[in-house]
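Pasting entry20.csv here (CSV, C-alpha atoms):
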```
chain,number,residue,atom,x,y,z
A,6,MET,CA,-0.8,6.4,-21.6
A,7,ALA,CA,-2.5,5.1,-18.4
A,8,LYS,CA,-5.8,3.3,-18.6
A,9,TYR,CA,-8.5,4.8,-16.5
A,10,PHE,CA,-11.0,2.5,-14.5
A,11,ASP,CA,-14.1,4.1,-13.0
A,12,VAL,CA,-15.1,1.6,-10.2
A,13,HIS,CA,-18.2,1.7,-8.1
A,14,PRO,CA,-17.2,2.5,-4.5
A,15,ASP,CA,-19.7,0.1,-2.9
A,16,ASN,CA,-20.2,-2.6,-5.6
A,17,PRO,CA,-17.0,-2.9,-7.6
A,18,GLN,CA,-17.7,-4.3,-11.1
A,19,PRO,CA,-16.1,-7.8,-11.1
A,20,ARG,CA,-15.1,-7.6,-14.7
A,21,THR,CA,-13.2,-4.3,-14.1
A,22,ILE,CA,-11.5,-5.7,-11.0
A,23,ARG,CA,-10.4,-8.8,-12.9
A,24,THR,CA,-9.0,-6.6,-15.7
A,25,VAL,CA,-7.0,-4.5,-13.1
A,26,ALA,CA,-5.7,-7.6,-11.4
A,27,ASP,CA,-4.6,-9.1,-14.7
A,28,SER,CA,-2.7,-5.9,-15.5
A,29,VAL,CA,-1.0,-6.1,-12.1
A,30,ARG,CA,0.0,-9.7,-12.8
A,31,ALA,CA,1.4,-8.5,-16.2
A,32,ASP,CA,3.7,-6.2,-14.3
A,33,ALA,CA,1.6,-3.0,-14.5
A,34,LEU,CA,2.1,-0.2,-12.0
A,35,ILE,CA,-1.3,1.2,-10.8
A,36,ALA,CA,-2.6,4.1,-8.8
A,37,TYR,CA,-5.4,2.9,-6.6
A,38,PRO,CA,-7.6,4.1,-3.7
A,39,THR,CA,-7.3,2.9,-0.1
A,40,ASP,CA,-9.0,3.8,3.2
A,41,SER,CA,-6.5,6.6,3.8
A,42,CYS,CA,-5.5,8.0,0.4
A,43,PHE,CA,-4.4,6.9,-3.1
A,44,ALA,CA,-1.4,4.6,-3.4
A,45,LEU,CA,1.0,3.3,-6.1
A,46,GLY,CA,0.9,-0.5,-6.4
A,47,CYS,CA,2.5,-3.4,-8.3
A,48,ARG,CA,2.9,-7.1,-7.9
A,49,LEU,CA,5.2,-8.3,-5.1
A,50,GLY,CA,7.9,-9.6,-7.3
A,51,SER,CA,8.0,-6.7,-9.8
A,52,HIS,CA,11.5,-5.3,-10.0
A,53,ASP,CA,10.4,-2.8,-12.6
A,54,GLY,CA,7.5,-1.7,-10.4
A,55,VAL,CA,9.7,-1.1,-7.4
A,56,ASN,CA,12.1,1.0,-9.5
A,57,ARG,CA,9.3,3.0,-11.0
A,58,ILE,CA,7.8,3.8,-7.5
A,59,ARG,CA,11.2,4.9,-6.3
A,60,SER,CA,11.6,7.1,-9.3
A,61,ILE,CA,8.1,8.7,-9.1
A,62,ARG,CA,8.4,9.4,-5.4
A,63,ASP,CA,12.2,10.0,-5.4
A,64,LEU,CA,12.7,7.4,-2.6
A,65,ASP,CA,16.0,6.2,-1.2
A,66,GLU,CA,16.8,2.6,-0.1
A,67,ARG,CA,15.8,3.3,3.5
A,68,HIS,CA,12.1,3.8,2.5
A,69,HIS,CA,9.8,1.2,3.9
A,70,PHE,CA,7.6,-0.3,1.2
A,71,THR,CA,4.2,-1.6,2.4
A,72,LEU,CA,2.6,-5.0,1.6
A,73,VAL,CA,-1.1,-4.2,1.4
A,74,CYS,CA,-2.8,-7.5,2.4
A,75,GLN,CA,-6.3,-8.8,2.1
A,76,ASN,CA,-6.4,-10.4,5.6
A,77,PHE,CA,-4.4,-11.5,8.6
A,78,ALA,CA,-3.7,-14.9,7.3
A,79,GLN,CA,-2.0,-13.4,4.3
A,80,LEU,CA,-0.2,-10.8,6.4
A,81,GLY,CA,1.3,-13.5,8.6
A,82,GLN,CA,3.1,-15.1,5.6
A,83,PHE,CA,5.3,-12.0,5.2
A,84,VAL,CA,6.2,-10.8,8.7
A,85,GLN,CA,7.2,-12.2,12.0
A,86,ILE,CA,4.6,-11.5,14.8
A,87,GLY,CA,4.8,-12.4,18.5
A,88,ASN,CA,1.7,-13.0,20.5
A,89,ASP,CA,1.5,-9.5,22.1
A,90,VAL,CA,2.1,-7.8,18.8
A,91,PHE,CA,-0.4,-10.0,17.2
A,92,ARG,CA,-3.1,-9.0,19.6
A,93,ALA,CA,-2.3,-5.3,19.2
A,94,ILE,CA,-2.4,-5.4,15.4
A,95,LYS,CA,-5.4,-7.6,15.2
A,96,ALA,CA,-7.4,-5.1,17.3
A,97,ALA,CA,-6.5,-2.3,14.9
A,98,THR,CA,-7.2,-4.1,11.6
A,99,PRO,CA,-8.6,-3.6,9.1
A,100,GLY,CA,-7.9,0.1,9.3
A,101,ARG,CA,-5.7,3.1,8.5
A,102,TYR,CA,-2.5,1.8,10.0
A,103,THR,CA,0.8,0.5,8.6
A,104,PHE,CA,2.9,-1.7,10.8
A,105,ILE,CA,6.7,-2.1,10.5
A,106,LEU,CA,7.8,-5.7,11.4
A,107,PRO,CA,10.7,-8.1,10.7
A,108,ALA,CA,10.2,-9.7,7.3
A,109,THR,CA,10.0,-13.4,6.6
A,110,LYS,CA,11.9,-15.0,3.7
A,111,GLU,CA,8.8,-14.6,1.6
A,112,VAL,CA,9.6,-10.9,1.1
A,113,PRO,CA,12.1,-10.1,-1.7
A,114,ARG,CA,15.4,-8.8,-0.3
A,115,LYS,CA,15.1,-5.6,-2.5
A,116,LEU,CA,12.0,-4.5,-0.5
A,117,LEU,CA,13.6,-4.8,3.0
A,118,HIS,CA,15.1,-1.9,5.0
A,119,PRO,CA,18.8,-2.5,4.4
A,120,LYS,CA,19.8,-2.5,8.1
A,121,LYS,CA,16.7,-3.6,10.0
A,122,LYS,CA,15.4,-6.2,7.5
A,123,THR,CA,11.9,-5.0,8.1
A,124,VAL,CA,8.9,-4.2,5.8
A,125,GLY,CA,5.6,-2.4,6.2
A,126,VAL,CA,2.3,-4.3,6.2
A,127,ARG,CA,-1.3,-3.3,6.4
A,128,ILE,CA,-4.9,-4.4,5.9
A,129,PRO,CA,-7.1,-1.7,4.5
A,130,ASP,CA,-10.8,-1.2,5.2
A,131,HIS,CA,-11.8,-0.3,1.7
A,132,VAL,CA,-14.3,-2.1,-0.5
A,133,VAL,CA,-12.5,-1.6,-3.8
A,134,THR,CA,-9.0,-2.4,-2.5
A,135,GLN,CA,-10.3,-5.5,-0.8
A,136,ALA,CA,-12.0,-6.7,-4.0
A,137,LEU,CA,-8.8,-6.2,-5.9
A,138,LEU,CA,-6.7,-8.0,-3.3
A,139,ALA,CA,-9.2,-10.9,-3.3
A,140,GLU,CA,-9.0,-11.2,-7.1
A,141,LEU,CA,-5.2,-10.9,-7.1
A,142,GLY,CA,-4.6,-13.5,-4.4
A,143,GLU,CA,-1.5,-11.8,-3.1
A,144,PRO,CA,-0.5,-8.5,-1.5
A,145,LEU,CA,0.0,-5.4,-3.5
A,146,LEU,CA,3.5,-3.9,-3.0
A,147,SER,CA,2.6,-0.3,-2.3
A,148,SER,CA,3.6,3.2,-1.4
A,149,THR,CA,1.5,6.3,-0.7
A,150,LEU,CA,1.0,8.5,-3.8
A,151,LEU,CA,2.8,11.5,-2.4
A,152,LEU,CA,4.9,13.2,-5.0
A,153,PRO,CA,8.3,14.8,-4.2
A,154,ASP,CA,8.2,18.3,-2.7
A,155,GLU,CA,4.4,18.1,-2.2
A,156,ASP,CA,2.9,18.1,1.3
A,157,GLU,CA,-0.3,16.2,0.6
A,158,PRO,CA,-1.0,13.1,-1.5
A,159,LEU,CA,-3.0,13.4,-4.8
A,160,THR,CA,-6.7,12.7,-4.1
A,161,GLN,CA,-8.6,12.9,-7.4
A,162,GLY,CA,-8.4,10.1,-9.9
A,163,TRP,CA,-8.7,12.5,-12.9
A,164,GLU,CA,-5.8,14.6,-11.6
A,165,ILE,CA,-3.7,11.5,-11.1
A,166,LYS,CA,-4.4,10.4,-14.6
A,167,GLU,CA,-3.5,13.8,-15.9
A,168,ARG,CA,-0.2,14.2,-14.0
A,169,LEU,CA,1.0,10.6,-14.0
A,170,ASP,CA,-0.3,9.5,-17.4
A,171,HIS,CA,3.1,8.5,-18.8
A,172,VAL,CA,4.6,6.9,-15.6
A,173,VAL,CA,1.8,4.6,-14.4
A,174,ASP,CA,-0.1,2.0,-16.4
A,175,ALA,CA,-3.5,2.4,-14.9
A,176,VAL,CA,-5.6,4.6,-12.5
A,177,VAL,CA,-8.4,3.0,-10.5
A,178,ASP,CA,-10.9,5.6,-9.3
A,179,SER,CA,-13.8,5.0,-7.0
A,180,GLY,CA,-14.3,8.6,-5.7
A,181,ASP,CA,-12.8,10.4,-2.7
A,182,CYS,CA,-10.8,8.3,-0.3
A,183,GLY,CA,-9.2,10.9,1.9
A,184,THR,CA,-6.0,12.9,2.0
A,185,GLU,CA,-4.2,11.6,5.1
A,186,PRO,CA,-1.7,8.7,4.9
A,187,THR,CA,-1.8,5.9,7.4
A,188,THR,CA,-0.5,6.1,10.9
A,189,VAL,CA,2.8,4.1,10.9
A,190,VAL,CA,3.7,2.0,14.0
A,191,ASP,CA,7.1,0.4,14.2
A,192,PHE,CA,7.0,-3.0,16.1
A,193,SER,CA,10.6,-4.0,15.3
A,194,GLY,CA,12.0,-2.8,18.6
A,195,PRO,CA,11.3,-3.7,22.2
A,196,GLU,CA,8.4,-1.2,22.4
A,197,PRO,CA,6.0,0.0,19.7
A,198,GLU,CA,7.0,3.4,18.2
A,199,VAL,CA,4.6,5.7,16.3
A,200,VAL,CA,6.9,7.0,13.5
A,201,ARG,CA,4.1,8.8,11.6
A,202,GLN,CA,0.9,10.1,13.0
A,203,GLY,CA,-1.7,9.9,10.2
A,204,ALA,CA,-5.3,8.8,9.6
A,205,GLY,CA,-5.4,6.1,12.3
A,206,ASP,CA,-5.7,7.0,16.0
A,207,PRO,CA,-2.2,6.5,17.4
A,208,ALA,CA,-3.3,6.6,21.0
A,209,ARG,CA,-3.7,2.9,21.3
A,210,PHE,CA,0.0,2.4,20.6
A,211,MET,CA,1.5,5.2,22.7
```
Represent the structure contained in this file as structure tokens.
Amino acid sequence: MAKYFDVHPDNPQPRTIRTVADSVRADALIAYPTDSCFALGCRLGSHDGVNRIRSIRDLDERHHFTLVCQNFAQLGQFVQIGNDVFRAIKAATPGRYTFILPATKEVPRKLLHPKKKTVGVRIPDHVVTQALLAELGEPLLSSTLLLPDEDEPLTQGWEIKERLDHVVDAVVDSGDCGTEPTTVVDFSGPEPEVVRQGAGDPARFM
């Protein structure tokens, strides 16, 4: 049965955030809010967490997982960024974008796209997510909480608790956080490619 954490959206309770971070370190899989919609998240090196996310979402090996980072310094440890790309991404973060980039050796092989050796990264503009990332001290390995054969992500913490009670370990709820996933921009090729139009304005990358 999943634990349920009711977190204040503007002033997250430090003790609660520490408890959630400790559970992630102990290999928990959590559902948590972001600036676009709810996501599934686990620690970066969690093989069990990756497998559980794949199972819940029915994902194949070509799915790009996302490393949700606290800041640009952290993001830069896990992906390779040239100067032009750096400026483009810097101008759009924090925000509702996910960027596909070549991964560094810091990223576990299991998380990489099998052919392109890329991974998704993003820096969310969300108080609770940022508090959790600061306490955790490393990225959350994440994927949008979009269930198979459903068109929209789950948006209510109580509903997530009800429907995923036996497949996640904790639900972090801080109220509404939107229904639209991030805009995804692939920077792994010669030109940026918007591969999913979502919550972030794609015009700056087109």
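Of note, atom CA of Ser41 of chain A and atom CA of Arg101 of chain A are spaced 5.9 Å apart.
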Hey, which of A:Val126, A:Val199, A:Ile94, A:Ile58 ends up closest to Leu106 of chain A? Count all atoms listed in the file. A:Val126
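You will find atom CA of Gly162 of chain A at 25.8 Å from atom CA of Asn76 of chain A.
Proximity to Pro19 of chain A was assessed for A:Leu137, A:Ala175, A:Leu49, A:Ala108 counting all atoms listed in the file; the smallest distance is recorded for A:Leu137.
Among the candidates A:Gly203, A:Leu151, A:Asp156, A:Ser179, the one nearest to Asp63 of chain A when counting only C-alpha atoms is A:Leu151.
Between atom CA of Thr184 of chain A and atom CA of Glu155 of chain A there is a distance of 12.4 Å.
Here the question is which of A:Pro158, A:Pro14, A:Gly100, A:Gly54 gets nearest to Gly183 of chain A using only C-alpha atoms, and that residue is A:Pro158.
For the residues A:Arg59, A:Leu146, A:Asp174, A:Arg114, ranking by smallest atom-to-atom distance to Ser28 of chain A using only C-alpha atoms places A:Asp174 first.
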